[in-house]
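For reference, the structure is listed below as structure tokens.
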Amino acid sequence: MNARTLWLTWVFAHSILFSFHGWAQPYPPGYFTFPIMPGKPNFIVGTMGELRPSHFHSGLDIKTLQREGLSVYAGAEGYVSRVKVSTGGYGNALYITHPNGLVTVYAHLRTFSRAIGDYVRQRQYARQSFEIELVPQPYELAVLRGEVVGFSGNTGSSGGPHLHYEVRDAKENALNPLAFGFREITDNVPPAFDKVGLRTLDAESRVNGEFGRVEFTPKRTKAGTYVLTQPIVAYGRIGLEVLVHDKANGLDNRNGVNCVEVTLDGREIYAHQLDRFAFAQSRHLNVHTDYATGSRFQRCYLADGNALPIYRLGADQGRLLLRPQSTHRLTVTLWDAYQNQTRLEFTVKGQEPVFSLPTLKINKLPPSLAYSVDENTLVIKAKNIKPGANSADLYVQRKPFQLPIAFYRNGEATYLWDLRRGLPDSVSVGGTSLRLPFRQVIPPKTDLVYGNDSLRIAFNQASLFDTLYLSVARAGDEIIVNTPAVPLLDGISVGIKPRVPGWDQTRTLAYLVRGAKRQCLGGTWINGQLNFRTRELGTFTLATDVLPPTVRLVKASADGISFRIGDDLSGIASYQARINGKWLLMNYDYKRGLIWSEKPDPIQPLRGTFALEVKDLAGNTQVFSMSL
Ligand SMILES: [Zn+2]
């Protein structure tokens with residue numbers, strides 16, 4: 001999208017739904033009944049648009065008195081258009097479609113209302129599956145405004161009792177429920193700044209004399225505004241990032257901030273408002289934020305590959321350009337959904353980077369070299385460099401380039417190379433060499449396969465946000481593809497052919513290595529090669545899961561039966577329980593590793609031969625049987 005269409009999209013979305021810096025209420029306030037304790041004070045522990053791992057939070061997290069079982073009320077008349085029971089994600093979730101086309105969503109429910117619960121259970125038995133997704137017809141499960149449709153819980157990937165509540169439009173956009181003017185929430189607490197980050201955006205730029213990111217801690221003044229007291233000098237193209245939060249009345253919980261605006265010398269250069277986003281684009285959070293920081297910092301400029309239509313951007317898409325002998329005044333203003341605002345003011349001085357190399361001592365230790373990649377820039381750091389052997393020799397397809405020291409800090413010299421000029425094979429400083437595992441430049445939006453005999457990586461149109469300087473290294477059975485600091489959009493397909501034969505292919509799967517933990521990515525063997533998909537880069541390995549899941553009886557009676565189940569490596573794939581040969585519904589809470597039955601018939605006691613079969617992802621099966 002070019003700048004003009006982006007601007008038009010903004011103006012369009014803006015005039016219909018939002019007025020920046022305030023609400024032009026497009027929906028009649030009071031259209032929806034609040035889903036929890038309507039009419040009483042309520043508290044929000046998660047806001048819409050809040051930053052979550054690889055997605056924006058799509059609704060409100062409403063506090064439920066730290067317990068489960070509170071009545072959940074339908075927002076308005078309508079019908080249950082979707083019901084989903086899943087082990088992870090939303091757990092027990094209800095979707096209600098209203099006559100105006102909007103859909104309200106109620107997630108992590110402990111149970112559904114009697115009528116909805118019976119409807120779901122009947123179909124769980126018919127399909128012999130606890131996990132289920134149903135799309136009832138409009139006449140099947142009609143609801144009235146304020147009707148109790150379920151009870152709050154902690155099912156799915158919820159980390160504590162609460163109700164996750166959403167409002168969606170008919171085109172699968174998440175809308176900010178707070179735009180509907182609920183009297184149940186009070187918020188006159190302004191948002192707050194935690195940190196500000198300034199980062200260089202190319203090999204020539206510097207922040208306080210360095211290439212990379214520098215973080216600053218804003219100080220709050222008595223007047224309530226924030227300032228940066230540390231002096232900042234910068235040069236070249238610089239990106240601003242903020243780490244911010246918002247609180248509401250009566251609660252210490254840190255929620256997300258709705259809206260951020262940046263001005264440079266009094267002119268707006270960047271703004272975003274997170275009140276509406278398409279579910280299909282939620283993963284763009286990974287470029288809206290600085291992914292390498294764990295997505296905690298929001299960028300105040302448009303990164304390459306970011307297609308979210310939530311921005312209003314000045315020249316150079318919010319990037320700062322610092323020229324020598326210039327002084328610039330920056331302000332960052334935050335708004336929450338209740339128009340409470342907070343401002344940060346600071347000054348950045350433009351200054352040509354200068355550094356003086358200290359007199360280097362004769363050092364007997366050989367230089368030690370390390371490298372990293374920051375967007376398009378290769379960063380090489382060298383310790384123990386010798387007097388007179390200061391520069392680095394970089395070899396790009398065997399052609400040497402002499403790199404001068406970019407800056408020198410704490411006994412360490414840094415050299416920079418713009419990877420757009422070519423992929424280097426190795427670097428050498430003062431007689432020490434380092435091989436660099438770059439393989440190929442992978443442009444975004446391209447179908448492309450990188451491969452050799454033992455490894456194949458397939459990229460498609462939607463794999464990447466931005467250009468990837470593909471690097472591949474092997475260490476034993478581990479394959480290291482770039483680093484976990486590089487985000488993927490839709491992911492890649494990988495095929496690994498082990499160098500050493502003899503793997504038990506029926507039980508060997510691919511795993512992503514996260515520190516000491518391994519996360520199963522599954523996979524299929526074809527001609528001695530294990531093929532799998534991943535949405536994350538980093539270290540991959542193969543592992544054979546030989547142990548079946550563990551099954552431990554917790555309680556058995558005529559009223560029901562429960563077990564703890566677990567698996568050592570690949571994880572639980574499925575379970576089936578039968579009583580006298582008939583399929584028995586068992587609920588599963590993966591967080592507690594607990595499965596428990598419901599009685600198929602509320603009058604008849606649970607009696608007879610009980611059999612349970614639990615499978616892991618590698619196909620190992622554990623069986624358990626007893627008579628009840
Ligand atoms: Zn939530």
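Lettering and numbering for the structure tokens are positional, with chains as A, B, ... in the shown order, residues counted from 1 in each chain, and ligands counted from 1 in the shown order.
Residues in contact with range 573-577 of chain A at 8 Å, where only C-alpha atoms are counted and same-chain residues fewer than 3 positions away are skipped, are listed as Trp583, Leu584, Leu585, Met586, Phe610, Ala611, Leu612, Glu613, Val614, Lys615, Asp616 and Leu617 of chain A.
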Resulting file, chosen residues, N, CA and C atoms, as an mmCIF file, in the first residue's frame:
```cif
data_model
loop_
_atom_site.group_PDB
_atom_site.id
_atom_site.type_symbol
_atom_site.label_atom_id
_atom_site.label_comp_id
_atom_site.auth_asym_id
_atom_site.auth_seq_id
_atom_site.Cartn_x
_atom_site.Cartn_y
_atom_site.Cartn_z
ATOM 1 N N TRP A 583 -18.464 -44.966 24.641
ATOM 2 C CA TRP A 583 -17.609 -43.785 24.776
ATOM 3 C C TRP A 583 -18.102 -42.898 25.921
ATOM 4 N N LEU A 584 -17.165 -42.429 26.741
ATOM 5 C CA LEU A 584 -17.503 -41.587 27.884
ATOM 6 C C LEU A 584 -16.807 -40.235 27.736
ATOM 7 N N LEU A 585 -17.583 -39.155 27.870
ATOM 8 C CA LEU A 585 -17.022 -37.801 27.760
ATOM 9 C C LEU A 585 -16.142 -37.513 28.969
ATOM 10 N N MET A 586 -14.905 -37.089 28.697
ATOM 11 C CA MET A 586 -14.029 -36.626 29.771
ATOM 12 C C MET A 586 -13.487 -35.249 29.406
ATOM 13 N N PHE A 610 -14.427 -49.838 33.198
ATOM 14 C CA PHE A 610 -13.935 -48.562 32.695
ATOM 15 C C PHE A 610 -12.591 -48.793 32.017
ATOM 16 N N ALA A 611 -12.400 -48.198 30.838
ATOM 17 C CA ALA A 611 -11.116 -48.323 30.131
ATOM 18 C C ALA A 611 -10.696 -46.962 29.590
ATOM 19 N N LEU A 612 -9.420 -46.655 29.768
ATOM 20 C CA LEU A 612 -8.886 -45.363 29.297
ATOM 21 C C LEU A 612 -7.650 -45.629 28.448
ATOM 22 N N GLU A 613 -7.549 -44.886 27.332
ATOM 23 C CA GLU A 613 -6.388 -45.006 26.457
ATOM 24 C C GLU A 613 -5.864 -43.590 26.202
ATOM 25 N N VAL A 614 -4.596 -43.348 26.525
ATOM 26 C CA VAL A 614 -3.998 -42.012 26.330
ATOM 27 C C VAL A 614 -2.816 -42.144 25.377
ATOM 28 N N LYS A 615 -2.791 -41.286 24.344
ATOM 29 C CA LYS A 615 -1.717 -41.338 23.332
ATOM 30 C C LYS A 615 -0.883 -40.072 23.400
ATOM 31 N N ASP A 616 0.430 -40.205 23.140
ATOM 32 C CA ASP A 616 1.243 -38.999 22.988
ATOM 33 C C ASP A 616 1.423 -38.705 21.496
ATOM 34 N N LEU A 617 2.059 -37.569 21.180
ATOM 35 C CA LEU A 617 2.180 -37.133 19.788
ATOM 36 C C LEU A 617 3.067 -38.061 18.966
#
```
message = What does the list of residues within 8 Å of ligand 1 look like if you count only C-alpha atoms and all ligand atoms, written as an NGL selection string?
response = :A and (46 or 57-61 or 107 or 158 or 163-165)
task = Please indicate the distance in Å from CA of Ala170 in chain A to CA of Gln122 in chain A, rounded to one decimal place.
result =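 We find that CA of Ala170 in chain A and CA of Gln122 in chain A lie 28.5 Å from each other.
For Val348 in chain A, the list of residues within 6 Å, based on only C-alpha atoms and with local chain neighbours fewer than 4 positions off taken out, reads Ile232, Val233, Thr327 and His328 of chain A.
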Write a file of the selected residues as a short mmCIF file (atom, residue, chain, number, x, y, z; two decimals), in the first residue's frame, keeping N, CA and C atoms.
```
data_model
loop_
_atom_site.label_atom_id
_atom_site.label_comp_id
_atom_site.auth_asym_id
_atom_site.auth_seq_id
_atom_site.Cartn_x
_atom_site.Cartn_y
_atom_site.Cartn_z
N ILE A 232 20.80 13.03 25.10
CA ILE A 232 20.81 12.07 23.99
C ILE A 232 21.41 12.75 22.76
N VAL A 233 22.47 12.16 22.23
CA VAL A 233 22.97 12.62 20.94
C VAL A 233 22.80 11.47 19.96
N THR A 327 19.04 20.40 16.83
CA THR A 327 18.43 20.03 18.10
C THR A 327 16.95 19.86 17.86
N HIS A 328 16.40 18.74 18.32
CA HIS A 328 14.99 18.46 18.06
C HIS A 328 14.24 18.18 19.35
#
```
Counting only C-alpha atoms, what is within 9 Å of Glu210 in chain A, bar same-chain residues fewer than 5 positions away, as a PDB file with C-alpha atoms, in the first residue's frame?
```pdb
ATOM      1  CA  THR A 200      19.792   2.859  14.956  1.00  0.00           C
ATOM      2  CA  SER A 205      23.451   5.817  12.458  1.00  0.00           C
ATOM      3  CA  ALA A 234      22.195  10.776  17.759  1.00  0.00           C
ATOM      4  CA  PRO A 353      29.762  10.347  15.354  1.00  0.00           C
ATOM      5  CA  ALA A 406      32.797   1.881  13.983  1.00  0.00           C
ATOM      6  CA  PHE A 407      33.193   2.569  17.706  1.00  0.00           C
ATOM      7  CA  TYR A 408      35.110   1.216  20.682  1.00  0.00           C
ATOM      8  CA  ARG A 409      33.577   0.603  24.124  1.00  0.00           C
TER       9      ARG A 409
END
```
remark   = What separates CA of Phe279 in chain A and CA of Asn306 in chain A is a distance of 14.6 Å
inquiry  = Which residues are close to Gly49 in chain A, i.e. within 8 Å by only C-alpha atoms, leaving aside same-chain residues fewer than 2 positions away? Reply as a list in words.
reply    =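 Residues near the query, excluding close chain neighbours: Thr47, Leu51, Phe56, His57, Ser58, Gly59, Asn176, Gly256, Val257, Asn258, Leu274 and Asp275 of chain A.
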Residue subset to file, keeping N, CA and C atoms, as a JSON list (two decimals), in the first residue's frame:
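Wrote again.json, looks like this:
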```
[["chain", "number", "residue", "atom", "x", "y", "z"],
["A", 47, "THR", "N", -6.78, -5.14, 28.32],
["A", 47, "THR", "CA", -7.53, -4.28, 27.40],
["A", 47, "THR", "C", -7.39, -4.78, 25.97],
["A", 51, "LEU", "N", -0.57, -5.93, 24.03],
["A", 51, "LEU", "CA", 0.44, -6.75, 23.36],
["A", 51, "LEU", "C", 0.54, -8.12, 24.02],
["A", 56, "PHE", "N", -2.31, -9.36, 19.03],
["A", 56, "PHE", "CA", -2.91, -8.32, 19.86],
["A", 56, "PHE", "C", -4.06, -8.94, 20.65],
["A", 57, "HIS", "N", -4.21, -8.55, 21.90],
["A", 57, "HIS", "CA", -5.34, -9.05, 22.68],
["A", 57, "HIS", "C", -6.62, -8.53, 22.03],
["A", 58, "SER", "N", -7.57, -9.43, 21.79],
["A", 58, "SER", "CA", -8.69, -9.06, 20.94],
["A", 58, "SER", "C", -9.93, -8.63, 21.71],
["A", 59, "GLY", "N", -9.84, -8.54, 23.03],
["A", 59, "GLY", "CA", -11.03, -8.12, 23.78],
["A", 59, "GLY", "C", -10.66, -7.61, 25.15],
["A", 176, "ASN", "N", -13.03, -2.41, 19.92],
["A", 176, "ASN", "CA", -12.79, -2.16, 21.34],
["A", 176, "ASN", "C", -14.12, -2.13, 22.08],
["A", 256, "GLY", "N", -2.95, -2.43, 28.58],
["A", 256, "GLY", "CA", -2.37, -1.82, 27.39],
["A", 256, "GLY", "C", -2.84, -0.39, 27.20],
["A", 257, "VAL", "N", -2.12, 0.33, 26.35],
["A", 257, "VAL", "CA", -2.44, 1.72, 26.04],
["A", 257, "VAL", "C", -3.02, 1.74, 24.64],
["A", 258, "ASN", "N", -4.08, 2.52, 24.51],
["A", 258, "ASN", "CA", -4.86, 2.55, 23.29],
["A", 258, "ASN", "C", -4.22, 3.25, 22.11],
["A", 274, "LEU", "N", -5.31, 1.68, 18.45],
["A", 274, "LEU", "CA", -5.62, 0.25, 18.38],
["A", 274, "LEU", "C", -7.03, -0.02, 18.86],
["A", 275, "ASP", "N", -8.01, 0.34, 18.07],
["A", 275, "ASP", "CA", -9.40, 0.14, 18.46],
["A", 275, "ASP", "C", -10.13, -0.81, 17.55]]
```
Non-local contacts of Pro387 in chain A (12 Å; only C-alpha atoms; under 6 positions in same chain excluded) as a VMD selection string = chain A and resid 357 to 364 367 429 to 430
How would the residues just chosen look if you wrote them out with C-alpha atoms as a JSON list (two decimals), in the first residue's frame?
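Saved the output as again_33.json:
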```json
[["chain", "number", "residue", "atom", "x", "y", "z"],
["A", 357, "LEU", "CA", 40.64, 4.77, 19.88],
["A", 358, "PRO", "CA", 42.44, 4.44, 23.22],
["A", 359, "THR", "CA", 46.12, 3.48, 23.19],
["A", 360, "LEU", "CA", 45.92, -0.29, 22.90],
["A", 361, "LYS", "CA", 48.14, -2.33, 25.16],
["A", 362, "ILE", "CA", 50.18, -5.26, 23.91],
["A", 363, "ASN", "CA", 47.95, -8.22, 24.69],
["A", 364, "LYS", "CA", 49.10, -11.83, 24.46],
["A", 367, "PRO", "CA", 41.45, -11.53, 19.51],
["A", 429, "VAL", "CA", 40.78, -9.50, 12.86],
["A", 430, "GLY", "CA", 44.46, -9.55, 13.84]]
```
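CA of Gln461 in chain A is found 24.8 Å from CA of Trp525 in chain A.
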task = Give the helix (DSSP H, G or I) residues of range 149-315 of chain A, as assigned by DSSP on the backbone, as a list of chain:residue names.
result =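 DSSP-assigned helix (DSSP H, G or I) residues in range 149-315 of chain A: A:Pro177, A:Leu178, A:Ala179, A:Phe180, A:Phe279, A:Ala280, A:Gln281, A:Ser282, A:Arg283, A:His284, A:Leu285, A:Asn286, A:Val287, A:His288, A:Tyr291, A:Ala292, A:Thr293, A:Ala315.
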Go ahead and save the residues from that selection, with N, CA and C atoms, as a PDB file, in the first residue's frame.
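Output file out_24.pdb follows:
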```pdb
ATOM      1  N   PRO A 177     -14.388  -3.111  22.959  1.00  0.00           N
ATOM      2  CA  PRO A 177     -15.674  -3.125  23.669  1.00  0.00           C
ATOM      3  C   PRO A 177     -15.902  -1.851  24.474  1.00  0.00           C
ATOM      4  N   LEU A 178     -14.820  -1.191  24.890  1.00  0.00           N
ATOM      5  CA  LEU A 178     -14.993   0.026  25.692  1.00  0.00           C
ATOM      6  C   LEU A 178     -15.598   1.162  24.871  1.00  0.00           C
ATOM      7  N   ALA A 179     -15.648   1.008  23.533  1.00  0.00           N
ATOM      8  CA  ALA A 179     -16.288   2.025  22.685  1.00  0.00           C
ATOM      9  C   ALA A 179     -17.802   1.991  22.845  1.00  0.00           C
ATOM     10  N   PHE A 180     -18.297   0.971  23.548  1.00  0.00           N
ATOM     11  CA  PHE A 180     -19.745   0.845  23.700  1.00  0.00           C
ATOM     12  C   PHE A 180     -20.245   1.482  24.988  1.00  0.00           C
ATOM     13  N   PHE A 279      -8.530  -9.961  12.661  1.00  0.00           N
ATOM     14  CA  PHE A 279      -7.887 -11.141  13.253  1.00  0.00           C
ATOM     15  C   PHE A 279      -6.790 -11.674  12.318  1.00  0.00           C
ATOM     16  N   ALA A 280      -7.049 -11.584  11.015  1.00  0.00           N
ATOM     17  CA  ALA A 280      -6.098 -12.106  10.037  1.00  0.00           C
ATOM     18  C   ALA A 280      -4.761 -11.364  10.093  1.00  0.00           C
ATOM     19  N   GLN A 281      -4.754 -10.170  10.674  1.00  0.00           N
ATOM     20  CA  GLN A 281      -3.513  -9.380  10.714  1.00  0.00           C
ATOM     21  C   GLN A 281      -2.890  -9.303  12.103  1.00  0.00           C
ATOM     22  N   SER A 282      -3.460 -10.044  13.050  1.00  0.00           N
ATOM     23  CA  SER A 282      -3.016  -9.895  14.439  1.00  0.00           C
ATOM     24  C   SER A 282      -1.535 -10.235  14.621  1.00  0.00           C
ATOM     25  N   ARG A 283      -1.012 -11.135  13.769  1.00  0.00           N
ATOM     26  CA  ARG A 283       0.392 -11.531  13.902  1.00  0.00           C
ATOM     27  C   ARG A 283       1.361 -10.404  13.521  1.00  0.00           C
ATOM     28  N   HIS A 284       0.836  -9.365  12.880  1.00  0.00           N
ATOM     29  CA  HIS A 284       1.673  -8.207  12.560  1.00  0.00           C
ATOM     30  C   HIS A 284       2.149  -7.480  13.809  1.00  0.00           C
ATOM     31  N   LEU A 285       1.619  -7.872  14.957  1.00  0.00           N
ATOM     32  CA  LEU A 285       2.171  -7.385  16.223  1.00  0.00           C
ATOM     33  C   LEU A 285       3.693  -7.564  16.244  1.00  0.00           C
ATOM     34  N   ASN A 286       4.164  -8.656  15.599  1.00  0.00           N
ATOM     35  CA  ASN A 286       5.600  -8.962  15.638  1.00  0.00           C
ATOM     36  C   ASN A 286       6.462  -7.931  14.909  1.00  0.00           C
ATOM     37  N   VAL A 287       5.838  -7.091  14.057  1.00  0.00           N
ATOM     38  CA  VAL A 287       6.617  -5.988  13.469  1.00  0.00           C
ATOM     39  C   VAL A 287       6.133  -4.627  13.980  1.00  0.00           C
ATOM     40  N   HIS A 288       4.934  -4.587  14.554  1.00  0.00           N
ATOM     41  CA  HIS A 288       4.476  -3.369  15.241  1.00  0.00           C
ATOM     42  C   HIS A 288       5.389  -3.126  16.453  1.00  0.00           C
ATOM     43  N   TYR A 291      10.401  -7.044  18.007  1.00  0.00           N
ATOM     44  CA  TYR A 291      10.286  -8.460  18.352  1.00  0.00           C
ATOM     45  C   TYR A 291      11.469  -8.946  19.188  1.00  0.00           C
ATOM     46  N   ALA A 292      12.667  -8.411  18.863  1.00  0.00           N
ATOM     47  CA  ALA A 292      13.867  -8.861  19.571  1.00  0.00           C
ATOM     48  C   ALA A 292      13.828  -8.498  21.059  1.00  0.00           C
ATOM     49  N   THR A 293      12.986  -7.550  21.447  1.00  0.00           N
ATOM     50  CA  THR A 293      12.868  -7.189  22.864  1.00  0.00           C
ATOM     51  C   THR A 293      11.809  -8.041  23.554  1.00  0.00           C
ATOM     52  N   ALA A 315       6.473  12.084   7.130  1.00  0.00           N
ATOM     53  CA  ALA A 315       7.522  11.746   6.171  1.00  0.00           C
ATOM     54  C   ALA A 315       8.412  10.668   6.775  1.00  0.00           C
TER      55      ALA A 315
END
```
inquiry  = Write out as a ChimeraX atom specification the set of residues from range 319-568 of chain A that DSSP, computed on the backbone, places in strand (DSSP E or B).
reply    = /A:320-322,326-335,341-350,368-374,377-383,392-396,399-403,407-409,412-418,426-429,432-435,438-442,448-451,455-459,468-475,478-481,487-496,508-514,517-522,524-526,529-536,538-544,550-557,560-566
Store the residues picked out above, limited to C-alpha atoms, as a CSV table (one decimal), in the first residue's frame.
```csv
chain,number,residue,atom,x,y,z
A,320,LEU,CA,13.8,10.3,12.8
A,321,LEU,CA,16.6,11.8,10.7
A,322,LEU,CA,19.3,13.4,12.9
A,326,SER,CA,20.6,20.2,15.0
A,327,THR,CA,18.4,20.0,18.1
A,328,HIS,CA,15.0,18.5,18.1
A,329,ARG,CA,12.2,18.5,20.5
A,330,LEU,CA,10.1,15.3,20.7
A,331,THR,CA,6.9,14.6,22.5
A,332,VAL,CA,5.1,11.3,22.9
A,333,THR,CA,1.5,11.4,24.0
A,334,LEU,CA,-0.4,8.3,25.3
A,335,TRP,CA,-4.2,8.0,25.5
A,341,GLN,CA,-3.6,11.3,28.5
A,342,THR,CA,0.1,11.4,29.5
A,343,ARG,CA,2.9,13.2,27.8
A,344,LEU,CA,6.7,12.7,27.6
A,345,GLU,CA,9.0,15.5,26.4
A,346,PHE,CA,12.7,15.2,25.5
A,347,THR,CA,15.4,16.6,23.3
A,348,VAL,CA,17.7,14.8,20.9
A,349,LYS,CA,20.8,16.5,19.5
A,350,GLY,CA,22.1,15.7,16.1
A,368,SER,CA,38.0,-13.1,20.1
A,369,LEU,CA,35.2,-12.5,17.6
A,370,ALA,CA,31.4,-12.6,17.8
A,371,TYR,CA,28.7,-11.6,15.4
A,372,SER,CA,25.0,-10.7,15.4
A,373,VAL,CA,22.6,-9.3,12.9
A,374,ASP,CA,20.5,-6.2,13.6
A,377,THR,CA,23.4,-4.7,9.6
A,378,LEU,CA,26.0,-7.3,10.4
A,379,VAL,CA,27.6,-6.4,13.8
A,380,ILE,CA,31.0,-7.8,14.5
A,381,LYS,CA,32.5,-7.4,18.0
A,382,ALA,CA,36.2,-8.0,18.7
A,383,LYS,CA,38.1,-8.2,22.0
A,392,ALA,CA,38.6,-6.2,10.2
A,393,ASP,CA,38.9,-8.0,7.0
A,394,LEU,CA,35.6,-9.2,5.7
A,395,TYR,CA,35.3,-11.6,2.8
A,396,VAL,CA,32.3,-11.4,0.6
A,399,LYS,CA,36.5,-10.7,-2.1
A,400,PRO,CA,38.1,-8.8,0.9
A,401,PHE,CA,36.7,-5.6,2.3
A,402,GLN,CA,38.5,-3.7,5.0
A,403,LEU,CA,36.2,-2.5,7.8
A,407,PHE,CA,33.2,2.6,17.7
A,408,TYR,CA,35.1,1.2,20.7
A,409,ARG,CA,33.6,0.6,24.1
A,412,GLU,CA,35.6,-4.1,22.6
A,413,ALA,CA,35.8,-2.9,19.0
A,414,THR,CA,32.6,-3.0,16.8
A,415,TYR,CA,32.7,-3.3,13.1
A,416,LEU,CA,29.6,-2.8,10.9
A,417,TRP,CA,28.6,-4.1,7.5
A,418,ASP,CA,25.4,-3.4,5.5
A,426,SER,CA,34.1,-14.9,7.0
A,427,VAL,CA,35.8,-12.1,8.9
A,428,SER,CA,39.2,-11.9,10.3
A,429,VAL,CA,40.8,-9.5,12.9
A,432,THR,CA,41.7,-14.6,14.2
A,433,SER,CA,39.1,-15.7,11.8
A,434,LEU,CA,35.4,-16.4,12.2
A,435,ARG,CA,33.3,-18.2,9.6
A,438,PHE,CA,25.0,-16.9,5.8
A,439,ARG,CA,23.6,-18.9,2.9
A,440,GLN,CA,21.2,-16.8,0.9
A,441,VAL,CA,19.2,-13.6,0.8
A,442,ILE,CA,15.5,-14.5,1.1
A,448,LEU,CA,11.7,-20.1,-2.8
A,449,VAL,CA,13.4,-23.3,-1.6
A,450,TYR,CA,16.9,-23.3,0.1
A,451,GLY,CA,18.3,-26.7,0.2
A,455,LEU,CA,18.3,-29.8,4.9
A,456,ARG,CA,15.5,-28.2,2.9
A,457,ILE,CA,13.7,-24.9,3.9
A,458,ALA,CA,10.8,-23.8,1.9
A,459,PHE,CA,9.5,-20.1,1.9
A,468,LEU,CA,15.8,-12.7,5.7
A,469,TYR,CA,19.6,-13.1,5.6
A,470,LEU,CA,19.3,-16.8,6.0
A,471,SER,CA,22.0,-18.4,8.1
A,472,VAL,CA,22.2,-22.1,8.8
A,473,ALA,CA,24.6,-23.8,11.2
A,474,ARG,CA,24.7,-27.5,12.3
A,475,ALA,CA,25.9,-28.7,15.7
A,478,GLU,CA,20.8,-29.6,16.1
A,479,ILE,CA,20.2,-27.2,13.2
A,480,ILE,CA,20.3,-23.5,13.9
A,481,VAL,CA,18.4,-21.3,11.5
A,487,PRO,CA,10.0,-13.0,13.5
A,488,LEU,CA,8.2,-15.0,10.9
A,489,LEU,CA,4.8,-14.1,9.5
A,490,ASP,CA,3.2,-17.4,8.4
A,491,GLY,CA,6.1,-19.7,9.0
A,492,ILE,CA,8.3,-22.0,6.9
A,493,SER,CA,8.5,-25.7,6.0
A,494,VAL,CA,11.6,-27.5,7.0
A,495,GLY,CA,12.9,-30.9,6.0
A,496,ILE,CA,15.8,-32.5,7.9
A,508,THR,CA,10.9,-39.5,16.1
A,509,LEU,CA,9.6,-35.9,15.7
A,510,ALA,CA,11.0,-32.4,15.3
A,511,TYR,CA,11.5,-30.1,18.3
A,512,LEU,CA,12.2,-26.5,18.8
A,513,VAL,CA,14.8,-26.0,21.5
A,514,ARG,CA,14.0,-23.3,24.0
A,517,LYS,CA,13.0,-27.2,27.1
A,518,ARG,CA,12.0,-28.8,23.8
A,519,GLN,CA,8.7,-28.0,22.1
A,520,CYS,CA,7.3,-30.6,19.8
A,521,LEU,CA,6.7,-29.4,16.3
A,522,GLY,CA,5.5,-32.8,15.0
A,524,THR,CA,6.1,-36.5,8.8
A,525,TRP,CA,8.8,-38.8,7.5
A,526,ILE,CA,9.2,-39.1,3.7
A,529,GLN,CA,13.5,-37.0,5.7
A,530,LEU,CA,11.5,-35.5,8.5
A,531,ASN,CA,9.3,-32.6,7.3
A,532,PHE,CA,7.7,-30.1,9.6
A,533,ARG,CA,6.4,-26.5,9.8
A,534,THR,CA,7.5,-23.8,12.2
A,535,ARG,CA,6.5,-20.2,12.9
A,536,GLU,CA,9.6,-19.5,14.8
A,538,GLY,CA,16.1,-20.8,16.2
A,539,THR,CA,17.4,-24.2,17.1
A,540,PHE,CA,15.7,-27.4,15.8
A,541,THR,CA,16.5,-30.9,16.8
A,542,LEU,CA,15.1,-34.4,16.3
A,543,ALA,CA,14.2,-36.5,19.3
A,544,THR,CA,12.7,-40.0,19.8
A,550,THR,CA,1.7,-41.4,32.4
A,551,VAL,CA,-1.8,-42.0,33.8
A,552,ARG,CA,-2.6,-41.7,37.5
A,553,LEU,CA,-6.0,-42.3,39.0
A,554,VAL,CA,-7.1,-39.3,41.2
A,555,LYS,CA,-10.7,-40.3,42.2
A,556,ALA,CA,-13.2,-42.9,41.2
A,557,SER,CA,-16.8,-43.2,42.4
A,560,GLY,CA,-17.4,-39.8,38.3
A,561,ILE,CA,-13.7,-40.6,37.6
A,562,SER,CA,-10.7,-38.4,37.3
A,563,PHE,CA,-7.0,-38.8,36.3
A,564,ARG,CA,-3.8,-36.9,36.1
A,565,ILE,CA,-2.2,-37.5,32.7
A,566,GLY,CA,1.2,-36.3,31.4
```
task = Name the residues in contact with Arg110 in chain A at a cut-off of 8 Å, using only C-alpha atoms, excluding same-chain residues fewer than 3 positions from it; report them as number ranges by chain.
result = A: 68-69, 92, 150-155
Write out the residues from the selection above, keeping C-alpha atoms, as a compact mmCIF listing (two decimals), in the first residue's frame.
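The result, written out as result-v4.txt:
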```txt
# COMPACT_ATOMS: atom_id res chain seq x y z
CA GLU A 68 -15.11 -19.18 38.84
CA GLY A 69 -18.84 -19.61 38.41
CA ASN A 92 -15.26 -23.18 26.50
CA GLY A 150 -22.84 -19.55 30.90
CA PHE A 151 -20.64 -19.31 33.96
CA SER A 152 -17.20 -17.74 34.13
CA GLY A 153 -14.18 -19.98 34.47
CA ASN A 154 -10.53 -20.50 33.70
CA THR A 155 -10.64 -22.99 30.78
```
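For the residues A:Asn340, A:Ser157, A:Thr289, A:Asn100, ranking by smallest atom-to-atom distance to Ala192 in chain A using only C-alpha atoms places A:Asn340 first.
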key: Residue nearest Arg145 in chain A - candidates A:Gly250, A:Pro218, A:Pro35, A:Gly117, atoms counted: only C-alpha atoms   = A:Pro35
remark   = Restricting to only C-alpha atoms, whichever of A:Asn188, A:Ser113, A:Gln317, A:Asn580 is closest to Gln339 in chain A is A:Asn188
